Structures are given as C-alpha cells and as structure tokens.
>>> print(open('entry_2.cif').read())   # mmCIF, C-alpha atoms
data_upload
#
loop_
_atom_site.group_PDB
_atom_site.id
_atom_site.type_symbol
_atom_site.label_atom_id
_atom_site.label_comp_id
_atom_site.auth_asym_id
_atom_site.auth_seq_id
_atom_site.Cartn_x
_atom_site.Cartn_y
_atom_site.Cartn_z
ATOM 1 C CA MET A 1 57.693 69.482 35.550
ATOM 2 C CA GLU A 2 58.787 68.387 32.070
ATOM 3 C CA LEU A 3 57.476 65.741 29.690
ATOM 4 C CA TYR A 4 60.835 63.963 29.643
ATOM 5 C CA GLN A 5 60.585 63.568 33.427
ATOM 6 C CA LEU A 6 57.162 61.975 33.063
ATOM 7 C CA ARG A 7 58.456 59.593 30.377
ATOM 8 C CA SER A 8 61.328 58.620 32.644
ATOM 9 C CA PHE A 9 58.976 58.069 35.579
ATOM 10 C CA VAL A 10 56.620 55.874 33.530
ATOM 11 C CA THR A 11 59.510 53.847 32.110
ATOM 12 C CA VAL A 12 60.966 53.158 35.563
ATOM 13 C CA SER A 13 57.513 52.113 36.790
ATOM 14 C CA GLU A 14 57.221 49.654 33.881
ATOM 15 C CA THR A 15 60.671 48.121 34.227
ATOM 16 C CA GLU A 16 60.938 48.401 38.041
ATOM 17 C CA ASN A 17 64.656 48.866 37.476
ATOM 18 C CA PHE A 18 66.706 52.022 36.865
ATOM 19 C CA THR A 19 69.313 50.237 34.749
ATOM 20 C CA ARG A 20 66.783 48.710 32.348
ATOM 21 C CA ALA A 21 64.833 51.979 32.217
ATOM 22 C CA SER A 22 67.945 53.996 31.357
ATOM 23 C CA GLU A 23 68.769 51.529 28.567
ATOM 24 C CA ARG A 24 65.266 51.845 27.127
ATOM 25 C CA LEU A 25 65.424 55.649 27.329
ATOM 26 C CA ASN A 26 68.995 55.729 25.961
ATOM 27 C CA ILE A 27 70.305 57.896 28.799
ATOM 28 C CA THR A 28 72.777 57.217 31.593
ATOM 29 C CA GLN A 29 71.554 55.820 34.897
ATOM 30 C CA PRO A 30 72.817 58.828 36.937
ATOM 31 C CA THR A 31 70.900 61.158 34.596
ATOM 32 C CA LEU A 32 67.738 59.090 35.014
ATOM 33 C CA SER A 33 68.122 58.971 38.797
ATOM 34 C CA GLN A 34 68.527 62.750 38.923
ATOM 35 C CA GLN A 35 65.406 63.243 36.785
ATOM 36 C CA ILE A 36 63.358 61.152 39.209
ATOM 37 C CA ILE A 37 64.820 62.950 42.239
ATOM 38 C CA ASN A 38 63.935 66.336 40.685
ATOM 39 C CA LEU A 39 60.424 65.141 39.893
ATOM 40 C CA GLU A 40 59.947 63.913 43.458
ATOM 41 C CA LYS A 41 61.107 67.295 44.768
ATOM 42 C CA ASN A 42 58.646 69.112 42.478
ATOM 43 C CA LEU A 43 55.768 66.918 43.589
ATOM 44 C CA GLY A 44 56.741 66.804 47.252
ATOM 45 C CA HIS A 45 56.306 63.026 47.369
ATOM 46 C CA LYS A 46 58.562 60.001 47.130
ATOM 47 C CA LEU A 47 57.504 58.062 44.032
ATOM 48 C CA PHE A 48 59.558 54.869 44.374
ATOM 49 C CA HIS A 49 60.729 52.527 47.084
ATOM 50 C CA ARG A 50 64.338 51.580 46.267
ATOM 51 C CA LEU A 51 64.497 47.870 47.212
ATOM 52 C CA GLY A 52 67.969 46.732 46.180
ATOM 53 C CA ARG A 53 67.890 46.711 42.387
ATOM 54 C CA ARG A 54 64.102 47.028 42.266
ATOM 55 C CA ALA A 55 62.193 50.282 42.091
ATOM 56 C CA VAL A 56 58.638 49.790 43.352
ATOM 57 C CA LEU A 57 55.976 52.486 43.215
ATOM 58 C CA THR A 58 54.931 54.087 46.471
ATOM 59 C CA GLU A 59 51.244 54.840 47.053
ATOM 60 C CA PRO A 60 51.663 58.441 45.761
ATOM 61 C CA GLY A 61 53.606 56.980 42.812
ATOM 62 C CA GLN A 62 50.701 54.687 41.927
ATOM 63 C CA VAL A 63 48.289 57.618 41.994
ATOM 64 C CA PHE A 64 50.606 59.813 39.906
ATOM 65 C CA LEU A 65 51.263 57.048 37.320
ATOM 66 C CA LYS A 66 47.704 57.202 35.963
ATOM 67 C CA ARG A 67 47.877 60.974 35.540
ATOM 68 C CA ALA A 68 51.383 60.850 33.999
ATOM 69 C CA ARG A 69 50.282 58.342 31.390
ATOM 70 C CA ARG A 70 47.256 60.477 30.557
ATOM 71 C CA ILE A 71 49.400 63.612 30.141
ATOM 72 C CA LEU A 72 51.879 61.796 27.869
ATOM 73 C CA LEU A 73 49.051 60.334 25.811
ATOM 74 C CA GLU A 74 47.506 63.770 25.276
ATOM 75 C CA ALA A 75 50.904 65.284 24.411
ATOM 76 C CA ASP A 76 51.612 62.541 21.866
ATOM 77 C CA ASN A 77 48.146 62.894 20.338
ATOM 78 C CA ALA A 78 48.552 66.664 20.045
ATOM 79 C CA THR A 79 51.938 66.290 18.342
ATOM 80 C CA LYS A 80 50.602 63.759 15.835
ATOM 81 C CA GLU A 81 47.475 65.783 15.111
ATOM 82 C CA LEU A 82 49.432 68.975 14.473
ATOM 83 C CA SER A 83 51.891 67.174 12.183
ATOM 84 C CA ASP A 84 49.128 65.526 10.156
ATOM 85 C CA HIS A 85 48.624 68.369 7.677
ATOM 86 C CA PRO A 86 47.837 66.901 4.209
ATOM 87 C CA GLY A 87 50.500 68.971 2.474
ATOM 88 C CA LEU A 88 53.341 68.060 4.811
ATOM 89 C CA ASP A 89 55.474 64.953 5.113
ATOM 90 C CA ARG A 90 53.965 62.412 7.491
ATOM 91 C CA ARG A 91 55.796 59.698 9.362
ATOM 92 C CA ILE A 92 54.445 56.530 10.890
ATOM 93 C CA THR A 93 56.161 53.637 12.618
ATOM 94 C CA VAL A 94 54.681 50.212 12.003
ATOM 95 C CA GLY A 95 55.600 46.804 13.355
ATOM 96 C CA ALA A 96 55.144 43.206 12.275
ATOM 97 C CA ILE A 97 56.049 39.816 13.708
ATOM 98 C CA PRO A 98 59.055 38.036 12.090
ATOM 99 C CA SER A 99 56.901 35.366 10.445
ATOM 100 C CA ILE A 100 55.030 37.974 8.384
ATOM 101 C CA ALA A 101 57.253 41.082 8.166
ATOM 102 C CA PRO A 102 59.446 39.945 5.215
ATOM 103 C CA TYR A 103 56.392 39.106 3.126
ATOM 104 C CA ILE A 104 54.411 42.325 3.530
ATOM 105 C CA LEU A 105 56.460 45.292 4.762
ATOM 106 C CA PRO A 106 58.846 45.711 1.784
ATOM 107 C CA ALA A 107 55.962 45.561 -0.702
ATOM 108 C CA LEU A 108 53.860 48.045 1.277
ATOM 109 C CA ILE A 109 56.741 50.481 1.709
ATOM 110 C CA ALA A 110 57.435 50.357 -2.029
ATOM 111 C CA GLN A 111 53.741 50.882 -2.815
ATOM 112 C CA ALA A 112 53.509 53.824 -0.389
ATOM 113 C CA ARG A 113 56.411 55.614 -2.095
ATOM 114 C CA ILE A 114 54.311 55.693 -5.275
ATOM 115 C CA GLU A 115 50.797 56.260 -3.901
ATOM 116 C CA TYR A 116 51.639 58.482 -0.920
ATOM 117 C CA PRO A 117 54.956 60.280 -1.571
ATOM 118 C CA HIS A 118 54.522 62.415 1.582
ATOM 119 C CA LEU A 119 54.247 59.303 3.774
ATOM 120 C CA GLN A 120 57.438 58.135 5.494
ATOM 121 C CA ILE A 121 57.189 54.613 6.904
ATOM 122 C CA HIS A 122 59.558 53.424 9.592
ATOM 123 C CA ALA A 123 59.336 49.668 10.200
ATOM 124 C CA ARG A 124 60.157 47.368 13.094
ATOM 125 C CA GLU A 125 60.266 43.568 13.021
ATOM 126 C CA ASP A 126 59.860 42.081 16.478
ATOM 127 C CA PHE A 127 58.073 39.462 18.560
ATOM 128 C CA ARG A 128 54.416 39.934 19.448
ATOM 129 C CA ALA A 129 54.899 40.874 23.115
ATOM 130 C CA ASP A 130 57.401 43.603 22.199
ATOM 131 C CA LEU A 131 55.142 44.966 19.451
ATOM 132 C CA VAL A 132 52.158 45.092 21.802
ATOM 133 C CA GLN A 133 54.325 46.989 24.290
ATOM 134 C CA GLY A 134 55.434 49.327 21.513
ATOM 135 C CA VAL A 135 51.823 50.135 20.629
ATOM 136 C CA GLN A 136 50.984 50.665 24.296
ATOM 137 C CA ASP A 137 53.844 53.054 24.987
ATOM 138 C CA GLY A 138 53.423 54.999 21.727
ATOM 139 C CA GLY A 139 56.574 53.833 19.980
ATOM 140 C CA LEU A 140 54.460 52.223 17.255
ATOM 141 C CA ASP A 141 51.431 53.651 15.465
ATOM 142 C CA LEU A 142 50.219 50.162 14.625
ATOM 143 C CA ALA A 143 51.433 46.598 14.307
ATOM 144 C CA ILE A 144 50.505 43.390 12.501
ATOM 145 C CA VAL A 145 50.505 40.444 14.886
ATOM 146 C CA SER A 146 48.805 37.118 15.389
ATOM 147 C CA MET A 147 46.177 36.450 18.021
ATOM 148 C CA PRO A 148 45.746 36.224 20.932
ATOM 149 C CA VAL A 149 46.138 39.806 22.139
ATOM 150 C CA ARG A 150 44.537 40.364 25.532
ATOM 151 C CA GLU A 151 45.568 43.889 26.553
ATOM 152 C CA THR A 152 42.458 46.006 27.173
ATOM 153 C CA SER A 153 44.125 49.228 25.960
ATOM 154 C CA ILE A 154 44.618 47.752 22.479
ATOM 155 C CA SER A 155 42.256 48.056 19.513
ATOM 156 C CA ILE A 156 42.145 44.815 17.495
ATOM 157 C CA GLU A 157 41.109 44.851 13.839
ATOM 158 C CA PRO A 158 40.880 41.492 12.004
ATOM 159 C CA LEU A 159 43.046 41.244 8.886
ATOM 160 C CA THR A 160 43.042 37.655 7.643
ATOM 161 C CA ARG A 161 43.199 34.005 8.628
ATOM 162 C CA GLU A 162 46.165 32.100 7.256
ATOM 163 C CA PRO A 163 46.651 28.314 7.018
ATOM 164 C CA LEU A 164 49.653 26.692 8.683
ATOM 165 C CA LEU A 165 51.324 24.010 6.561
ATOM 166 C CA LEU A 166 53.671 21.142 7.287
ATOM 167 C CA VAL A 167 57.044 21.716 5.599
ATOM 168 C CA VAL A 168 59.434 18.825 4.864
ATOM 169 C CA GLY A 169 62.482 18.319 2.683
ATOM 170 C CA LYS A 170 62.108 16.731 -0.757
ATOM 171 C CA GLN A 171 63.722 13.496 0.456
ATOM 172 C CA HIS A 172 61.716 13.205 3.662
ATOM 173 C CA PRO A 173 59.496 10.086 3.927
ATOM 174 C CA LEU A 174 56.409 12.286 4.412
ATOM 175 C CA ALA A 175 57.086 14.283 1.232
ATOM 176 C CA ASN A 176 55.095 11.846 -0.922
ATOM 177 C CA ALA A 177 52.479 10.860 1.646
ATOM 178 C CA LYS A 178 48.872 11.070 0.456
ATOM 179 C CA ALA A 179 47.745 12.317 3.852
ATOM 180 C CA VAL A 180 49.617 13.431 6.970
ATOM 181 C CA ARG A 181 47.976 13.672 10.381
ATOM 182 C CA ALA A 182 49.235 15.665 13.328
ATOM 183 C CA THR A 183 49.954 12.459 15.253
ATOM 184 C CA ASP A 184 52.354 11.381 12.484
ATOM 185 C CA LEU A 185 54.680 14.163 13.641
ATOM 186 C CA ALA A 186 55.087 13.037 17.257
ATOM 187 C CA GLN A 187 58.489 11.381 16.682
ATOM 188 C CA GLU A 188 59.830 13.957 14.239
ATOM 189 C CA THR A 189 62.500 16.582 14.937
ATOM 190 C CA PHE A 190 61.349 20.176 14.496
ATOM 191 C CA ALA A 191 63.097 23.353 13.392
ATOM 192 C CA MET A 192 61.169 26.378 14.677
ATOM 193 C CA LEU A 193 61.404 30.067 15.402
ATOM 194 C CA GLY A 194 62.587 30.928 18.922
ATOM 195 C CA THR A 195 60.505 30.419 22.028
ATOM 196 C CA SER A 196 59.420 34.092 22.083
ATOM 197 C CA SER A 197 57.786 33.698 18.677
ATOM 198 C CA ALA A 198 53.989 33.712 18.465
ATOM 199 C CA LEU A 199 54.252 31.135 15.667
ATOM 200 C CA ALA A 200 56.280 28.768 17.844
ATOM 201 C CA GLU A 201 53.691 29.178 20.597
ATOM 202 C CA LYS A 202 50.923 28.368 18.116
ATOM 203 C CA VAL A 203 52.716 25.210 16.922
ATOM 204 C CA ARG A 204 53.350 24.032 20.487
ATOM 205 C CA ASP A 205 49.668 24.529 21.333
ATOM 206 C CA PHE A 206 48.638 22.667 18.170
ATOM 207 C CA CYS A 207 50.855 19.707 19.020
ATOM 208 C CA GLY A 208 49.630 19.738 22.611
ATOM 209 C CA ASP A 209 46.035 19.529 21.371
ATOM 210 C CA HIS A 210 47.086 16.264 19.679
ATOM 211 C CA GLN A 211 48.673 14.852 22.826
ATOM 212 C CA PHE A 212 52.382 15.329 22.123
ATOM 213 C CA ASN A 213 55.116 17.886 22.661
ATOM 214 C CA PRO A 214 57.135 18.791 19.561
ATOM 215 C CA ARG A 215 60.771 17.700 19.706
ATOM 216 C CA ILE A 216 62.366 21.038 18.831
ATOM 217 C CA ALA A 217 66.083 20.670 18.127
ATOM 218 C CA TYR A 218 66.616 23.944 16.238
ATOM 219 C CA HIS A 219 65.506 27.350 17.525
ATOM 220 C CA CYS A 220 65.947 29.994 14.830
ATOM 221 C CA SER A 221 65.428 33.746 14.616
ATOM 222 C CA GLN A 222 64.501 33.793 10.909
ATOM 223 C CA ILE A 223 62.133 31.678 8.816
ATOM 224 C CA ALA A 224 64.841 31.516 6.125
ATOM 225 C CA THR A 225 67.037 29.587 8.566
ATOM 226 C CA VAL A 226 64.172 27.232 9.423
ATOM 227 C CA LYS A 227 63.610 26.515 5.732
ATOM 228 C CA SER A 228 67.319 25.893 5.120
ATOM 229 C CA LEU A 229 67.462 23.322 7.922
ATOM 230 C CA VAL A 230 64.321 21.589 6.690
ATOM 231 C CA ALA A 231 65.724 21.504 3.141
ATOM 232 C CA LEU A 232 68.832 19.759 4.510
ATOM 233 C CA GLY A 233 66.611 17.043 5.949
ATOM 234 C CA VAL A 234 67.592 17.541 9.596
ATOM 235 C CA GLY A 235 64.074 18.421 10.707
ATOM 236 C CA ILE A 236 60.531 19.394 9.739
ATOM 237 C CA SER A 237 58.516 22.499 10.519
ATOM 238 C CA ILE A 238 55.056 24.036 10.475
ATOM 239 C CA LEU A 239 54.992 27.422 8.750
ATOM 240 C CA PRO A 240 52.366 29.922 7.553
ATOM 241 C CA ARG A 241 51.354 29.741 3.911
ATOM 242 C CA SER A 242 52.861 33.183 3.279
ATOM 243 C CA ALA A 243 56.321 31.686 3.878
ATOM 244 C CA GLN A 244 55.952 29.500 0.781
ATOM 245 C CA SER A 245 58.029 30.750 -2.147
ATOM 246 C CA SER A 246 58.495 29.736 -5.759
ATOM 247 C CA LYS A 247 62.190 29.357 -4.877
ATOM 248 C CA ASP A 248 61.308 26.443 -2.567
ATOM 249 C CA ILE A 249 60.142 24.110 -5.315
ATOM 250 C CA ASP A 250 63.456 22.226 -5.656
ATOM 251 C CA ASN A 251 64.031 21.647 -1.948
ATOM 252 C CA LEU A 252 60.816 21.817 0.080
ATOM 253 C CA VAL A 253 57.346 20.291 0.085
ATOM 254 C CA TYR A 254 54.391 22.050 1.755
ATOM 255 C CA LEU A 255 51.570 19.771 2.927
ATOM 256 C CA PRO A 256 48.212 20.342 4.627
ATOM 257 C CA LEU A 257 47.599 18.360 7.792
ATOM 258 C CA SER A 258 44.635 16.026 7.363
ATOM 259 C CA GLY A 259 41.763 16.452 9.745
ATOM 260 C CA SER A 260 43.342 19.422 11.539
ATOM 261 C CA ASN A 261 43.531 22.503 9.315
ATOM 262 C CA PRO A 262 45.639 24.606 11.715
ATOM 263 C CA GLU A 263 45.601 28.337 11.050
ATOM 264 C CA ARG A 264 46.480 31.621 12.647
ATOM 265 C CA GLU A 265 44.519 34.873 12.793
ATOM 266 C CA LEU A 266 46.428 38.003 11.828
ATOM 267 C CA VAL A 267 45.196 41.330 13.168
ATOM 268 C CA ILE A 268 46.083 45.028 13.121
ATOM 269 C CA ILE A 269 46.582 46.464 16.591
ATOM 270 C CA ARG A 270 46.504 50.132 17.641
ATOM 271 C CA HIS A 271 46.154 51.997 20.915
ATOM 272 C CA LEU A 272 42.510 52.649 21.714
ATOM 273 C CA GLN A 273 43.111 56.219 22.868
ATOM 274 C CA ARG A 274 45.907 57.404 20.597
ATOM 275 C CA PHE A 275 45.258 59.691 17.652
ATOM 276 C CA GLN A 276 45.186 57.767 14.357
ATOM 277 C CA SER A 277 47.039 59.878 11.838
ATOM 278 C CA ARG A 278 46.214 60.220 8.154
ATOM 279 C CA GLY A 279 49.394 58.235 7.440
ATOM 280 C CA ALA A 280 48.269 55.321 9.610
ATOM 281 C CA THR A 281 44.881 55.328 7.869
ATOM 282 C CA GLN A 282 46.587 55.275 4.457
ATOM 283 C CA PHE A 283 48.848 52.393 5.483
ATOM 284 C CA ILE A 284 45.930 50.331 6.803
ATOM 285 C CA LYS A 285 44.028 50.976 3.565
ATOM 286 C CA MET A 286 46.961 49.654 1.491
ATOM 287 C CA LEU A 287 47.352 46.685 3.798
ATOM 288 C CA LYS A 288 43.700 45.656 3.547
ATOM 289 C CA GLU A 289 43.502 46.217 -0.201
ATOM 290 C CA GLY A 290 46.753 44.347 -0.807
ATOM 291 C CA VAL A 291 46.351 41.564 1.618
ATOM 292 C CA VAL A 292 49.749 40.442 0.424
ATOM 293 C CA PHE A 293 49.476 36.889 1.679
ATOM 294 C CA SER A 294 49.463 35.022 -1.630
ATOM 295 C CA THR A 295 50.087 31.283 -1.698
ATOM 296 C CA VAL A 296 53.373 31.644 -3.566
ATOM 297 C CA ASN A 297 55.515 34.782 -3.421
#
>>> encode(input="entry_2.cif", output="structure tokens")
Amino acid sequence: MELYQLRSFVTVSETENFTRASERLNITQPTLSQQIINLEKNLGHKLFHRLGRRAVLTEPGQVFLKRARRILLEADNATKELSDHPGLDRRITVGAIPSIAPYILPALIAQARIEYPHLQIHAREDFRADLVQGVQDGGLDLAIVSMPVRETSISIEPLTREPLLLVVGKQHPLANAKAVRATDLAQETFAMLGTSSALAEKVRDFCGDHQFNPRIAYHCSQIATVKSLVALGVGISILPRSAQSSKDIDNLVYLPLSGSNPERELVIIRHLQRFQSRGATQFIKMLKEGVVFSTVN
C-alpha cells in the first residue's frame, strides 16, 4: 500500500467521480482506476460502488476513508516537521480570496524576502469554498478568507473587521448625496464579483436584510473590472475599504451607507490537526503586524 494510492482513494471519495478525481490529481483516468483496483486487491475489499459516472463508497470504503485520511495527515505533518529546520529553505503555500489578495499578498511576499530570506511563499488567489477545501486537503498551509467558515476541521483566527463602502462614478446622482441609505439602492444596477465570491454573497445578504434583491447586471472576476464599470457610470457596487486606491480619485466616489455600516470579518484559517511550520508562523506574524488594510493604498 502506497501513499499515492491513499491520496487517489481519498480524492475519488471526495469527488465521487473518477474523471474529476483524475483531473485534480493530474493523472490519467486509466491510471487512477488501476490504482484503486490495486488498492482494493491489497485490502481484500471493494471500496466503491460504480454507479454510472458516480463512484460511491461501500461500507468498507467508508470505514477505510477515516484511516486513510489519518495516515495522510500524519505523513504530511512528518514531512513538514522534518523540512522545518531553521537553517534550511522553507516553503509555505498561502491563499486569499480575490477581494483581498491583490492588496496584501504582494506586499507580504516582498516583506518576507527581506525579513525571512529562507522562506519561500507560494500564493493562490481563489474563492472561499476552494480555499477552505485547500486547507482541508493539505494543499494550503493557511488562507485569508471572510466569514462565515463552518467546517469543524478548520481553525479560525480573527484578523480584522473591514467596512464595506458604496462605490459610484463621479457623475452618478448619489456621488454628492449627503447621506445614502441601503434602500436608496433598490433600483440601481450593480456590478459585482461572480456568484461564487464571498463578497457577492455578503452584498446579496445585506440587500436582502433591507428587503430588496440587488439588480446585478455585471458579474466580474476581478475588482479592477468592477471599478472600471462603475467609473463608466453603467452601475454601482459595494466594495471593501481595502479596494479604495489613490488612483480612484478622478473617477470614483466611496460612500458609507447611513444607518447600516456593513462590514466583513476577515480571518486566518488553518487545519486544526496539521503541523504549523515555522514558515507559516512567520507569515502570520507579518500579516498581523502589517494588517495591510489601509484606507487608501
């Protein structure tokens, strides 16, 4: 029995599909199928029911899944602990959601090259659900996401609370308003990050709390695109304060929402049972000391 077989088994159990599992593992489907067949022969038990395109765990498979995950966790922890010698190069992989990654990761990576020359930081910008999955399966040492995070295997460490601001173009009628309430936005057209974004989810919930659904005409993958559309006057948006830049002064106006004060809570997430390397500790220290969420960047 080999570790790669266990990783393949766990991945198939998570995806319930050999094609998706092979794509995640970056191997061919026949290779993956053969690995599972060999593992089943070694164990003397069938691990999956093949139901068309679905692969569903058998009862022995369900029992073995818990042990396989434990073995992989211990193997990963051992590898990280052995590679964490203070005189050797250390590597960590960190993640951040798209609405915060551009404003913190480049600065932290640059700072780490000066303060911790042995620390190699690999970064991943992705949506919250994918980052949580990455922390769970060991692909990420830690990630910076917004709440809520409900997975019980995840350690949650508060980082900061950040205001959410209304953003309109310079020529928009609300740009010079003395006060803007959430209900004033009910008939407006919104430009937002895509539906998988935690920020978009937060804005939809905020609007729902004020008895309207936002009219989202533009779904974007980058905040820069959202800001460009708002600057053109084709829509408005609600963005975190960290997105505000000195470069916006000629085209955009950022306004607080009267009587509402929407905000989001940013947290650091890690796996509760995975070894926290010296590199991860150093990164978290820089992150907390920096808290690089200034009003204007």
>>> closest_atom_pairs(input="entry_2.cif", of="region 121-201 of chain A", to="region 65-83 of chain A", cutoff="10 Å", atoms="only C-alpha atoms", output="CSV")
residue,atom,partner,partner_atom,distance
A:Gln136,CA,A:Leu73,CA,10.0
A:Asp137,CA,A:Leu73,CA,8.8
A:Gly138,CA,A:Asp76,CA,7.8
>>> residues_near_point(input="entry_2.cif", point="(53.9, 59.7, 49.7)", cutoff="8 Å", atoms="only C-alpha atoms", output="list in words")
His45, Lys46, Leu47, Thr58, Glu59, Pro60 and Gly61 of chain A
>>> write_last_selection(input="entry_2.cif", atoms="C-alpha atoms", output="compact mmCIF listing (two decimals), in the frame of the given file")
# COMPACT_ATOMS: atom_id res chain seq x y z
CA HIS A 45 56.31 63.03 47.37
CA LYS A 46 58.56 60.00 47.13
CA LEU A 47 57.50 58.06 44.03
CA THR A 58 54.93 54.09 46.47
CA GLU A 59 51.24 54.84 47.05
CA PRO A 60 51.66 58.44 45.76
CA GLY A 61 53.61 56.98 42.81
>>> residues_around(input="entry_2.cif", residues="region 252-263 of chain A", least_positions_apart="6", cutoff="9 Å", atoms="all atoms listed in the file", output="PyMOL selection string")
chain A and resi 161-171+175-176+179-182+202-203+206+227+230-231+238-241+244
>>> resolve_selection(input="entry_2.cif", expression="the PyMOL selection byres ((chain A and resi 142) around 12)", output="count of residues only")
45
>>> closest_residue(input="entry_2.cif", among="A:Ile27, A:Ser153, A:Phe48, A:Ile223", to="Glu14 (chain A)", atoms="only C-alpha atoms")
A:Phe48
>>> resolve_selection(input="entry_2.cif", expression="the PyMOL selection byres ((chain A and resi 210-220) around 6)", output="NGL selection string")
:A and (189-194 or 207-209 or 221-222)
>>> closest_residue(input="entry_2.cif", among="A:Leu185, A:Leu32, A:Leu25, A:Leu119", to="Arg90 (chain A)", atoms="only C-alpha atoms")
A:Leu119
>>> resolve_selection(input="entry_2.cif", expression="the PyMOL selection byres ((chain A and resi 54) around 6)", output="mmCIF file with C-alpha atoms, in the coordinates of the input")
data_model
loop_
_atom_site.group_PDB
_atom_site.id
_atom_site.type_symbol
_atom_site.label_atom_id
_atom_site.label_comp_id
_atom_site.auth_asym_id
_atom_site.auth_seq_id
_atom_site.Cartn_x
_atom_site.Cartn_y
_atom_site.Cartn_z
ATOM 1 C CA GLU A 16 60.938 48.401 38.041
ATOM 2 C CA ASN A 17 64.656 48.866 37.476
ATOM 3 C CA LEU A 51 64.497 47.870 47.212
ATOM 4 C CA GLY A 52 67.969 46.732 46.180
ATOM 5 C CA ARG A 53 67.890 46.711 42.387
ATOM 6 C CA ALA A 55 62.193 50.282 42.091
#
>>> atom_distance(input="entry_2.cif", atom1="CA of Gly235 (chain A)", atom2="CA of Asp184 (chain A)")
13.8 Å
>>> atom_distance(input="entry_2.cif", atom1="CA of Glu125 (chain A)", atom2="CA of Thr152 (chain A)")
22.9 Å
>>> atom_distance(input="entry_2.cif", atom1="CA of Ala198 (chain A)", atom2="CA of Phe127 (chain A)")
7.1 Å
>>> build_atoms(input="entry_2.cif", residues="region 225-245 of chain A", atoms="N, CA and C atoms", output="PDB file, in the frame of the given file")
ATOM      1  N   THR A 225      66.178  30.593   7.935  1.00  0.00           N
ATOM      2  CA  THR A 225      67.037  29.587   8.566  1.00  0.00           C
ATOM      3  C   THR A 225      66.266  28.298   8.796  1.00  0.00           C
ATOM      4  N   VAL A 226      65.022  28.414   9.237  1.00  0.00           N
ATOM      5  CA  VAL A 226      64.172  27.232   9.423  1.00  0.00           C
ATOM      6  C   VAL A 226      64.058  26.462   8.106  1.00  0.00           C
ATOM      7  N   LYS A 227      63.788  27.165   7.033  1.00  0.00           N
ATOM      8  CA  LYS A 227      63.610  26.515   5.732  1.00  0.00           C
ATOM      9  C   LYS A 227      64.902  25.852   5.258  1.00  0.00           C
ATOM     10  N   SER A 228      66.036  26.476   5.519  1.00  0.00           N
ATOM     11  CA  SER A 228      67.319  25.893   5.120  1.00  0.00           C
ATOM     12  C   SER A 228      67.572  24.578   5.847  1.00  0.00           C
ATOM     13  N   LEU A 229      67.266  24.544   7.147  1.00  0.00           N
ATOM     14  CA  LEU A 229      67.462  23.322   7.922  1.00  0.00           C
ATOM     15  C   LEU A 229      66.520  22.219   7.459  1.00  0.00           C
ATOM     16  N   VAL A 230      65.277  22.579   7.180  1.00  0.00           N
ATOM     17  CA  VAL A 230      64.321  21.589   6.690  1.00  0.00           C
ATOM     18  C   VAL A 230      64.763  21.057   5.332  1.00  0.00           C
ATOM     19  N   ALA A 231      65.253  21.922   4.459  1.00  0.00           N
ATOM     20  CA  ALA A 231      65.724  21.504   3.141  1.00  0.00           C
ATOM     21  C   ALA A 231      66.893  20.522   3.252  1.00  0.00           C
ATOM     22  N   LEU A 232      67.712  20.676   4.292  1.00  0.00           N
ATOM     23  CA  LEU A 232      68.832  19.759   4.510  1.00  0.00           C
ATOM     24  C   LEU A 232      68.382  18.391   5.013  1.00  0.00           C
ATOM     25  N   GLY A 233      67.139  18.310   5.474  1.00  0.00           N
ATOM     26  CA  GLY A 233      66.611  17.043   5.949  1.00  0.00           C
ATOM     27  C   GLY A 233      66.848  16.760   7.414  1.00  0.00           C
ATOM     28  N   VAL A 234      67.303  17.788   8.182  1.00  0.00           N
ATOM     29  CA  VAL A 234      67.592  17.541   9.596  1.00  0.00           C
ATOM     30  C   VAL A 234      66.379  17.750  10.487  1.00  0.00           C
ATOM     31  N   GLY A 235      65.280  18.223   9.923  1.00  0.00           N
ATOM     32  CA  GLY A 235      64.074  18.421  10.707  1.00  0.00           C
ATOM     33  C   GLY A 235      62.907  18.812   9.818  1.00  0.00           C
ATOM     34  N   ILE A 236      61.733  18.937  10.436  1.00  0.00           N
ATOM     35  CA  ILE A 236      60.531  19.394   9.739  1.00  0.00           C
ATOM     36  C   ILE A 236      60.079  20.682  10.420  1.00  0.00           C
ATOM     37  N   SER A 237      59.061  21.311   9.872  1.00  0.00           N
ATOM     38  CA  SER A 237      58.516  22.499  10.519  1.00  0.00           C
ATOM     39  C   SER A 237      57.054  22.673  10.131  1.00  0.00           C
ATOM     40  N   ILE A 238      56.407  23.590  10.816  1.00  0.00           N
ATOM     41  CA  ILE A 238      55.056  24.036  10.475  1.00  0.00           C
ATOM     42  C   ILE A 238      55.137  25.541  10.302  1.00  0.00           C
ATOM     43  N   LEU A 239      54.827  26.017   9.090  1.00  0.00           N
ATOM     44  CA  LEU A 239      54.992  27.422   8.750  1.00  0.00           C
ATOM     45  C   LEU A 239      53.711  27.984   8.139  1.00  0.00           C
ATOM     46  N   PRO A 240      53.530  29.303   8.210  1.00  0.00           N
ATOM     47  CA  PRO A 240      52.366  29.922   7.553  1.00  0.00           C
ATOM     48  C   PRO A 240      52.492  29.838   6.038  1.00  0.00           C
ATOM     49  N   ARG A 241      51.366  29.849   5.371  1.00  0.00           N
ATOM     50  CA  ARG A 241      51.354  29.741   3.911  1.00  0.00           C
ATOM     51  C   ARG A 241      52.139  30.861   3.245  1.00  0.00           C
ATOM     52  N   SER A 242      52.153  32.046   3.869  1.00  0.00           N
ATOM     53  CA  SER A 242      52.861  33.183   3.279  1.00  0.00           C
ATOM     54  C   SER A 242      54.357  32.944   3.181  1.00  0.00           C
ATOM     55  N   ALA A 243      54.884  31.974   3.936  1.00  0.00           N
ATOM     56  CA  ALA A 243      56.321  31.686   3.878  1.00  0.00           C
ATOM     57  C   ALA A 243      56.689  30.879   2.637  1.00  0.00           C
ATOM     58  N   GLN A 244      55.688  30.326   1.964  1.00  0.00           N
ATOM     59  CA  GLN A 244      55.952  29.500   0.781  1.00  0.00           C
ATOM     60  C   GLN A 244      56.386  30.375  -0.389  1.00  0.00           C
ATOM     61  N   SER A 245      57.464  29.975  -1.051  1.00  0.00           N
ATOM     62  CA  SER A 245      58.029  30.750  -2.147  1.00  0.00           C
ATOM     63  C   SER A 245      58.258  29.866  -3.363  1.00  0.00           C
TER      64      SER A 245
END
